[in-house]
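Trainee: The structure is given below, and queries will be raised subsequently.
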2 protein chains.
Amino acid sequence: MRQKKYLLPESEIPTAWFNIQAIMPNKPLPILNPATREALKAQDLYPIFCEECANQELDTVNEWIPIPEPVREQYAAYRCTPLVRAYELEEALGTPAHIYFKNESVSPAGSHKLNSALAQAYYAKQQGITNITTETGAGQWGGALSYAAKKFGIDCAVYMVKTSYNQKPYRRSIMQTFGAAITPSPSMSTRAGKDILTVNPNDGGSLGTAISEAIELAVSTPNCKYTLGSVLNHVCLHQSVIGLEAEKQMEMTGEYPDIVIACFGGGSNFSGIAYPFMRHNIQDGKKTRFIAAEPSSCPKLTRGKFEYDFGDEAGLTPLLPMYTIGHTFKPASIHAGGLRYHGAGVIMSQLMKDGFMEAQDFAQTETFKAGVLFAQTEGIIPAPESCHAIACTIKEALKCKETGEQKTILFNLSGHGFVDMGAYDHYLSGEMQNYVVSDEELAGYIASADALNK
Amino acid sequence: MRQKKYLLPESEIPTAWFNIQAIMPNKPLPILNPATREALKAQDLYPIFCEECANQELDTVNEWIPIPEPVREQYAAYRCTPLVRAYELEEALGTPAHIYFKNESVSPAGSHKLNSALAQAYYAKQQGITNITTETGAGQWGGALSYAAKKFGIDCAVYMVKTSYNQKPYRRSIMQTFGAAITPSPSMSTRAGKDILTVNPNDGGSLGTAISEAIELAVSTPNCKYTLGSVLNHVCLHQSVIGLEAEKQMEMTGEYPDIVIACFGGGSNFSGIAYPFMRHNIQDGKKTRFIAAEPSSCPKLTRGKFEYDFGDEAGLTPLLPMYTIGHTFKPASIHAGGLRYHGAGVIMSQLMKDGFMEAQDFAQTETFKAGVLFAQTEGIIPAPESCHAIACTIKEALKCKETGEQKTILFNLSGHGFVDMGAYDHYLSGEMQNYVVSDEELAGYIASADALNK
């Protein structure tokens, strides 16, 4: 019988995270204080983030950062995750390509997000923090943090993008089942939220706005820290367990990926699967292609601009050097809530600029078509975000069919879609829309970032 | 680091199912033709079921029945499933008991049901059948069969209990994503459905009614067979992969279960986890206790009567010797739709009668309380059905706390609850009800079975 899944025992859970910053040919540009334009030091981030996370954020020296044993112990609830050969997807496509996926959907929260949530909750606990707060788009990060906070005995408050709050009531319930307090964003509980609702009472929210609200709560509440589920360097660091395991598992298959694919919102699951392989491009002359799959309605990598911008809509964060379509960008209400973000993480942006990765964008209906095919062949209903990675994988696999090349493709299945069935209903009804951003519209939004770079 | 999960490679997927009928001290009583009162032979079942399934149903001779390789190959998408030590549940309870669970929630359809769905779809395909039909309560079986039918290239029509259809729209979407046609039951598409709706247009349906409708469709449609997800012997046979794997995994832990627990609707997941261990009670003098956890609102094992009864509400099936509360029983609208069934499978009923197993019943709110604790400790949100097994496990573990006994408890986590978050919302709102069946009411329903035994 052909082997379908490649499993690793718990003893193979990585003991250190891989920090790509240490080996980047061009280090990321500094993060700036918007008022002084001075480069921020880790200490400058302490008011918002846990100290250890702030230190990791700016660590460009240590290639390997040990994973605390209590975090590894929590990882063991679901890690090592399986690497799976998608034989039946290959057969349905008639492609000579070999398709593998890393199945991060098996985590308690249903996605890769828990890899960082557990680390951040642990560091908060270690520092004596009693409350953590965050934003969530699709609800994947919020669910993960809610669970992680419960595991380490701290309270958790989540601002959930209102569009997702309404589209995905089950995600809210999951967070509540794990014991967290959930508020739809924009809300009247913060200055940032009030300002937006005053102008537009029906504003559906965005990750940028929810971030503003969560940060405001964190800095105005004693013994409370903010956490972020993507974009930032320490988050991507924690996600490296995905690729480190996948590297060992690919060795078990006897193959090495020609192409590595992941969906892209802020970059956390992309960096998780990509960096451990990318280090062999940087250090060992490998020629793997790394493709970020983003929604065509939020095209920061394919149509954005590399410059300094705020990480949130209200302009509360430091200035980040990133591919951006402007912090004022209003993403369309696509179901892949986790990809509705205007910027790419600092590391990814530098790597993109330096040609280590590429990006492709996909229309919403194309991603769900891919997701349904994947469900019917491989049996896992993917999260709407993950559908982007699958659409990209199918596109590349069909190119192999044309050329006859037997490439090895690895993609990250970042999460399952059991809690997103309303989105599948929408797709199956035939009424799902695609959203196109015009050049003029995009230029207007990007101008909000341009203004910060003069 | 302590070991959390016990994994087996795909090569350890069982190559044969275990047929407990072959070793039962008292064989099950025969299944009867209601008109003639004659014992049915396998051929009598051919008009409804695939021939191979009908043969397996009445096989009291062969202890081991080979699993076809194409079925094993499909099993490999998720099997072997993990055996997990519930350390954090143990700690939360402060019990000296060691708690293990077999995690069947990792299957593509989210529950153990796929173990039999794949076998039944395969045998249908082998026999040249082009359409299969079934009923589903919670939607677990319907989701599994929809997926299995797609894998083997046959069409699938599902009658879904109307209560569940309305309570669990995501389950319907899952089946549709896998490509099946779904009809809420009772429906106007069958004689059985029409008869019920004529009397009560708002009838919420039951498994019994949905079975009647599916059988009617099967016998009136060319090249179409009926499939059932529980109760029947061949279904329980297919589920034995659960316990066979768990047996090897328990060996890896160095322990042997003192108690084996599963929730109980028709008996499929119970028999799956229990029989492979029960054979050592029958053959090797082991003293393991086997506990079926049923809802107090549908108490066929704790308050039912062992006698012949119909398997469906309309009385279309043969007469089955079973613990029953009467085929006219109207189960309350509890969220554990898969446990809303009036009878226990023939094998389980005989084993219950002969003292090889016991039963306990649980109120709905107690099961959800257990489910939330399990979610917060072990990270998996359990299906409402599985919450019954967890409630029973907690009860037994707390007994160990009282007595100081360090018992080893194994339970079957039959499915996850990601698609049942509406039920958790209901519980967390504090408005969830418990349903108690009075003795008088119960006696009235049981009379419908008594009438068949005169």
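For the structure tokens, the naming scheme is as follows: chains receive sequential letters (A, B, ...) according to their order of presentation, residues are indexed from 1 within each chain, and ligands are indexed from 1 in presentation order.
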Compile the residues of chain B that lie within 6 Å of chain A, evaluated using only C-alpha atoms, and express the compilation as a PDB file with C-alpha atoms, in the first residue's frame.
Mentor:
ATOM      1  CA  PRO B 108     -12.337  13.642   7.017  1.00  0.00           C
ATOM      2  CA  TYR B 170     -23.081  23.316   8.629  1.00  0.00           C
ATOM      3  CA  SER B 173     -23.156  22.085   3.885  1.00  0.00           C
ATOM      4  CA  PHE B 178     -18.793  16.361  -0.640  1.00  0.00           C
ATOM      5  CA  GLN B 376     -10.445  23.542  27.914  1.00  0.00           C
ATOM      6  CA  GLY B 379      -8.136  21.136  23.388  1.00  0.00           C
ATOM      7  CA  ILE B 380     -10.670  19.201  21.350  1.00  0.00           C
ATOM      8  CA  MET B 421     -21.033  25.210  18.069  1.00  0.00           C
TER       9      MET B 421
END
Trainee: Which residues of segment 240-267 of chain B come within 12 Å of segment 297-316 of chain B, and what is each one's closest atom pair and distance in Å (one decimal), counting only C-alpha atoms, sorted by chain and residue number, as a Markdown table?
Mentor:
| residue | atom | partner | partner_atom | distance |
| --- | --- | --- | --- | --- |
| B:Cys263 | CA | B:Leu301 | CA | 11.7 |
| B:Phe264 | CA | B:Leu301 | CA | 9.0 |
| B:Gly265 | CA | B:Cys298 | CA | 8.8 |
| B:Gly266 | CA | B:Lys300 | CA | 9.7 |
| B:Gly267 | CA | B:Leu301 | CA | 10.6 |
Trainee: Just the selected residues (C-alpha atoms), exported as a compact mmCIF listing (two decimals), in the first residue's frame, please.
Mentor:
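Generated output (selection22.txt):
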# COMPACT_ATOMS: atom_id res chain seq x y z
CA CYS B 263 -21.50 7.03 23.92
CA PHE B 264 -24.41 4.96 22.68
CA GLY B 265 -26.99 5.71 19.99
CA GLY B 266 -27.38 2.55 17.95
CA GLY B 267 -24.07 1.20 19.19
Trainee: For the alpha helix (DSSP H) assignment from backbone DSSP, which residues of segment 99-291 of chain B qualify? Please present them as JSON, numbers by chain.
Mentor: {"B": [114, 115, 116, 117, 118, 119, 120, 121, 122, 123, 124, 125, 126, 140, 141, 142, 143, 144, 145, 146, 147, 148, 149, 150, 151, 152, 162, 163, 164, 165, 166, 167, 169, 170, 171, 172, 173, 174, 175, 176, 177, 191, 192, 193, 194, 195, 196, 197, 198, 199, 207, 208, 209, 210, 211, 212, 213, 214, 215, 216, 217, 218, 219, 233, 234, 235, 236, 237, 238, 239, 240, 241, 242, 243, 244, 245, 246, 247, 248, 249, 250, 251, 252, 253, 268, 269, 270, 271, 272, 273, 274, 275, 276, 277, 278, 279, 280, 281, 282, 283, 284]}
Trainee: Between A:Leu232, A:Cys224, A:Val199, A:Ala383, which residue has the minimum interatomic distance to Gln140 of chain A, considering only C-alpha atoms?
Mentor: A:Ala383
Trainee: How many Å lie between atom CA of Glu135 of chain B and atom CA of Asn233 of chain B, rounded to one decimal?
Mentor: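 Computed distance, atom CA of Glu135 of chain B to atom CA of Asn233 of chain B, equals 17.2 Å.
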Trainee: Need the shell around Pro186 of chain A: protein/DNA/RNA residues with any atom at most 7 Å away, counting only C-alpha atoms. Skip same-chain ones fewer than 5 positions apart. Format as number ranges by chain?
Mentor: A: 162, 193, 196-197, 205, 209-210
Trainee: Neighbouring residues of Ile48 of chain A were defined as those with any atom within 8 Å, considering only C-alpha atoms; residues of the same chain fewer than 2 positions away were excluded. Please report them as a list in words.
Mentor: Leu45, Tyr46, Cys50, Ile215, Ala218, Val219, Lys225 and Tyr226 of chain A
Trainee: Considering only C-alpha atoms, state which residue in the set A:Ser296, A:Glu251, A:Glu104, A:Thr227 is at the smallest distance from Ser438 of chain A.
Mentor: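 Comparing A:Ser296, A:Glu251, A:Glu104, A:Thr227 against Ser438 of chain A, the winner is A:Ser296.
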Trainee: Could you give me, as a list in words, the residues within 7 Å of Cys387 of chain A, counting only C-alpha atoms and dropping anything in the same chain fewer than 4 positions from it?
Mentor: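 Selected residues are Thr367, Phe368, Ala370, Gly371, Pro382, Ala383 and Ala391 of chain A.
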Trainee: Grab the residues selected above and save them as a short mmCIF file (atom, residue, chain, number, x, y, z; two decimals), in the first residue's frame with N, CA, C and O atoms.
Mentor:
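To be explicit, this is the file written out as result.cif:
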data_model
loop_
_atom_site.label_atom_id
_atom_site.label_comp_id
_atom_site.auth_asym_id
_atom_site.auth_seq_id
_atom_site.Cartn_x
_atom_site.Cartn_y
_atom_site.Cartn_z
N THR A 367 -10.63 30.24 -5.56
CA THR A 367 -10.10 29.58 -4.36
C THR A 367 -11.09 28.56 -3.80
O THR A 367 -10.70 27.48 -3.37
N PHE A 368 -12.39 28.89 -3.84
CA PHE A 368 -13.38 27.93 -3.33
C PHE A 368 -13.53 26.74 -4.27
O PHE A 368 -13.76 25.61 -3.81
N ALA A 370 -11.16 25.45 -5.87
CA ALA A 370 -10.01 24.62 -5.47
C ALA A 370 -10.29 23.91 -4.15
O ALA A 370 -9.96 22.73 -3.99
N GLY A 371 -10.91 24.62 -3.22
CA GLY A 371 -11.19 24.04 -1.92
C GLY A 371 -12.15 22.86 -2.00
O GLY A 371 -11.98 21.85 -1.32
N PRO A 382 -10.98 22.69 3.52
CA PRO A 382 -9.98 23.67 3.94
C PRO A 382 -10.59 25.01 4.36
O PRO A 382 -11.66 25.39 3.87
N ALA A 383 -9.92 25.72 5.24
CA ALA A 383 -10.31 27.08 5.58
C ALA A 383 -10.24 27.94 4.31
O ALA A 383 -9.44 27.67 3.42
N ALA A 391 -5.44 26.72 -4.48
CA ALA A 391 -5.62 27.25 -5.84
C ALA A 391 -4.27 27.46 -6.51
O ALA A 391 -4.09 27.13 -7.69
#
Trainee: Mind pulling up the distance from atom CA of Ser414 of chain B to atom CA of Ser349 of chain B?
Mentor: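 Those two atoms sit 20.4 Å apart.
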Trainee: Do a neighbour search on Gly337 of chain A at 7 Å with only C-alpha atoms, toss out local chain neighbours closer than 6 positions, and write the hits as a count of residues only.
Mentor: 3
Trainee: Which value, in Å to one decimal, gives the distance between atom CA of Lys353 of chain B and atom CA of Tyr323 of chain B?
Mentor: 8.7 Å
Trainee: Point out the residue among A:Ile23, A:Cys156, A:Ala16, A:Met432 with the least atom-to-atom distance to Gln283 of chain A, counting only C-alpha atoms.
Mentor: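 Going through A:Ile23, A:Cys156, A:Ala16, A:Met432 one by one, the smallest distance to Gln283 of chain A is for A:Ile23.
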Trainee: Taking the chain letters and numbering used in this document, name the residues of segment 272-435 of chain B that DSSP puts in strand (DSSP E or B), as a ChimeraX atom specification.
Mentor: /B:289-295,305-310,319-324,343,358-362,382,408-413,415-416
Trainee: For the residues in that selection, give me N, CA, C and O atoms as a short mmCIF file (atom, residue, chain, number, x, y, z; two decimals), in the first residue's frame.
Mentor:
data_model
loop_
_atom_site.label_atom_id
_atom_site.label_comp_id
_atom_site.auth_asym_id
_atom_site.auth_seq_id
_atom_site.Cartn_x
_atom_site.Cartn_y
_atom_site.Cartn_z
N ARG B 289 -14.56 -3.50 32.47
CA ARG B 289 -15.97 -3.08 32.43
C ARG B 289 -16.20 -2.28 31.15
O ARG B 289 -15.37 -1.44 30.78
N PHE B 290 -17.33 -2.50 30.51
CA PHE B 290 -17.68 -1.76 29.29
C PHE B 290 -18.95 -0.98 29.57
O PHE B 290 -19.98 -1.57 29.88
N ILE B 291 -18.85 0.35 29.46
CA ILE B 291 -19.99 1.19 29.83
C ILE B 291 -20.49 1.98 28.62
O ILE B 291 -19.73 2.72 27.99
N ALA B 292 -21.77 1.79 28.31
CA ALA B 292 -22.42 2.58 27.26
C ALA B 292 -23.04 3.81 27.92
O ALA B 292 -23.77 3.70 28.90
N ALA B 293 -22.73 5.00 27.37
CA ALA B 293 -23.24 6.26 27.94
C ALA B 293 -24.34 6.78 27.03
O ALA B 293 -24.09 7.16 25.89
N GLU B 294 -25.56 6.78 27.55
CA GLU B 294 -26.69 7.19 26.72
C GLU B 294 -27.36 8.42 27.31
O GLU B 294 -27.19 8.73 28.49
N PRO B 295 -28.14 9.15 26.49
CA PRO B 295 -28.84 10.32 27.02
C PRO B 295 -30.02 9.89 27.89
O PRO B 295 -30.72 8.94 27.54
N LYS B 305 -36.49 -2.39 27.27
CA LYS B 305 -36.89 -3.78 27.45
C LYS B 305 -36.29 -4.60 26.31
O LYS B 305 -36.25 -4.13 25.17
N PHE B 306 -35.81 -5.80 26.61
CA PHE B 306 -35.25 -6.65 25.57
C PHE B 306 -36.37 -7.43 24.91
O PHE B 306 -36.95 -8.34 25.50
N GLU B 307 -36.68 -7.07 23.68
CA GLU B 307 -37.71 -7.81 22.94
C GLU B 307 -37.61 -7.47 21.45
O GLU B 307 -36.81 -6.62 21.05
N TYR B 308 -38.41 -8.12 20.64
CA TYR B 308 -38.40 -7.83 19.21
C TYR B 308 -39.07 -6.49 18.95
O TYR B 308 -40.11 -6.16 19.55
N ASP B 309 -38.48 -5.73 18.03
CA ASP B 309 -39.08 -4.44 17.67
C ASP B 309 -38.63 -4.09 16.24
O ASP B 309 -37.64 -4.64 15.72
N PHE B 310 -39.34 -3.17 15.66
CA PHE B 310 -38.91 -2.65 14.37
C PHE B 310 -37.72 -1.70 14.55
O PHE B 310 -37.61 -1.04 15.59
N LEU B 319 -37.95 -7.54 12.09
CA LEU B 319 -38.02 -7.44 13.55
C LEU B 319 -36.66 -7.78 14.14
O LEU B 319 -36.08 -8.83 13.82
N LEU B 320 -36.18 -6.89 15.00
CA LEU B 320 -34.85 -7.06 15.58
C LEU B 320 -34.99 -7.34 17.07
O LEU B 320 -35.75 -6.67 17.77
N PRO B 321 -34.20 -8.32 17.58
CA PRO B 321 -34.21 -8.58 19.02
C PRO B 321 -33.30 -7.56 19.71
O PRO B 321 -32.09 -7.63 19.58
N MET B 322 -33.89 -6.61 20.42
CA MET B 322 -33.08 -5.49 20.90
C MET B 322 -33.60 -4.91 22.20
O MET B 322 -34.78 -5.06 22.52
N TYR B 323 -32.73 -4.23 22.92
CA TYR B 323 -33.21 -3.36 23.99
C TYR B 323 -33.86 -2.17 23.31
O TYR B 323 -33.26 -1.52 22.47
N THR B 324 -35.11 -1.93 23.67
CA THR B 324 -35.86 -0.89 22.96
C THR B 324 -36.77 -0.14 23.92
O THR B 324 -37.19 -0.68 24.95
N GLY B 343 -33.62 2.05 19.78
CA GLY B 343 -33.18 0.69 20.05
C GLY B 343 -31.67 0.53 20.05
O GLY B 343 -30.93 1.37 19.54
N GLU B 358 -22.50 -2.73 30.53
CA GLU B 358 -23.46 -2.03 31.37
C GLU B 358 -23.76 -0.69 30.72
O GLU B 358 -23.15 -0.32 29.72
N ALA B 359 -24.70 0.05 31.29
CA ALA B 359 -25.08 1.34 30.71
C ALA B 359 -25.34 2.35 31.82
O ALA B 359 -25.75 2.00 32.92
N GLN B 360 -25.07 3.62 31.47
CA GLN B 360 -25.40 4.73 32.38
C GLN B 360 -26.02 5.83 31.52
O GLN B 360 -25.68 5.97 30.35
N ASP B 361 -26.92 6.60 32.12
CA ASP B 361 -27.52 7.69 31.33
C ASP B 361 -27.17 9.04 31.91
O ASP B 361 -26.91 9.17 33.11
N PHE B 362 -27.14 10.04 31.05
CA PHE B 362 -26.66 11.37 31.42
C PHE B 362 -27.59 12.46 30.88
O PHE B 362 -28.05 12.39 29.74
N PRO B 382 -15.60 18.47 21.70
CA PRO B 382 -16.20 17.19 21.32
C PRO B 382 -17.60 17.34 20.73
O PRO B 382 -18.33 18.28 21.07
N THR B 408 -7.38 2.43 34.94
CA THR B 408 -7.10 2.88 33.58
C THR B 408 -8.41 2.93 32.81
O THR B 408 -9.09 1.91 32.68
N ILE B 409 -8.75 4.14 32.38
CA ILE B 409 -10.02 4.34 31.67
C ILE B 409 -9.73 4.70 30.22
O ILE B 409 -8.91 5.58 29.94
N LEU B 410 -10.38 4.01 29.32
CA LEU B 410 -10.25 4.32 27.89
C LEU B 410 -11.62 4.69 27.37
O LEU B 410 -12.58 3.96 27.57
N PHE B 411 -11.70 5.87 26.71
CA PHE B 411 -12.98 6.17 26.07
C PHE B 411 -12.79 6.52 24.62
O PHE B 411 -11.69 6.86 24.18
N ASN B 412 -13.88 6.41 23.87
CA ASN B 412 -13.81 6.72 22.45
C ASN B 412 -14.31 8.13 22.22
O ASN B 412 -15.45 8.45 22.54
N LEU B 413 -13.43 8.97 21.68
CA LEU B 413 -13.86 10.31 21.27
C LEU B 413 -14.39 10.15 19.85
O LEU B 413 -13.64 10.21 18.88
N GLY B 415 -16.27 11.88 17.81
CA GLY B 415 -16.24 12.94 16.81
C GLY B 415 -16.01 14.31 17.44
O GLY B 415 -16.15 14.48 18.65
N HIS B 416 -15.66 15.29 16.61
CA HIS B 416 -15.45 16.65 17.12
C HIS B 416 -16.73 17.46 16.98
O HIS B 416 -17.66 17.07 16.27
#
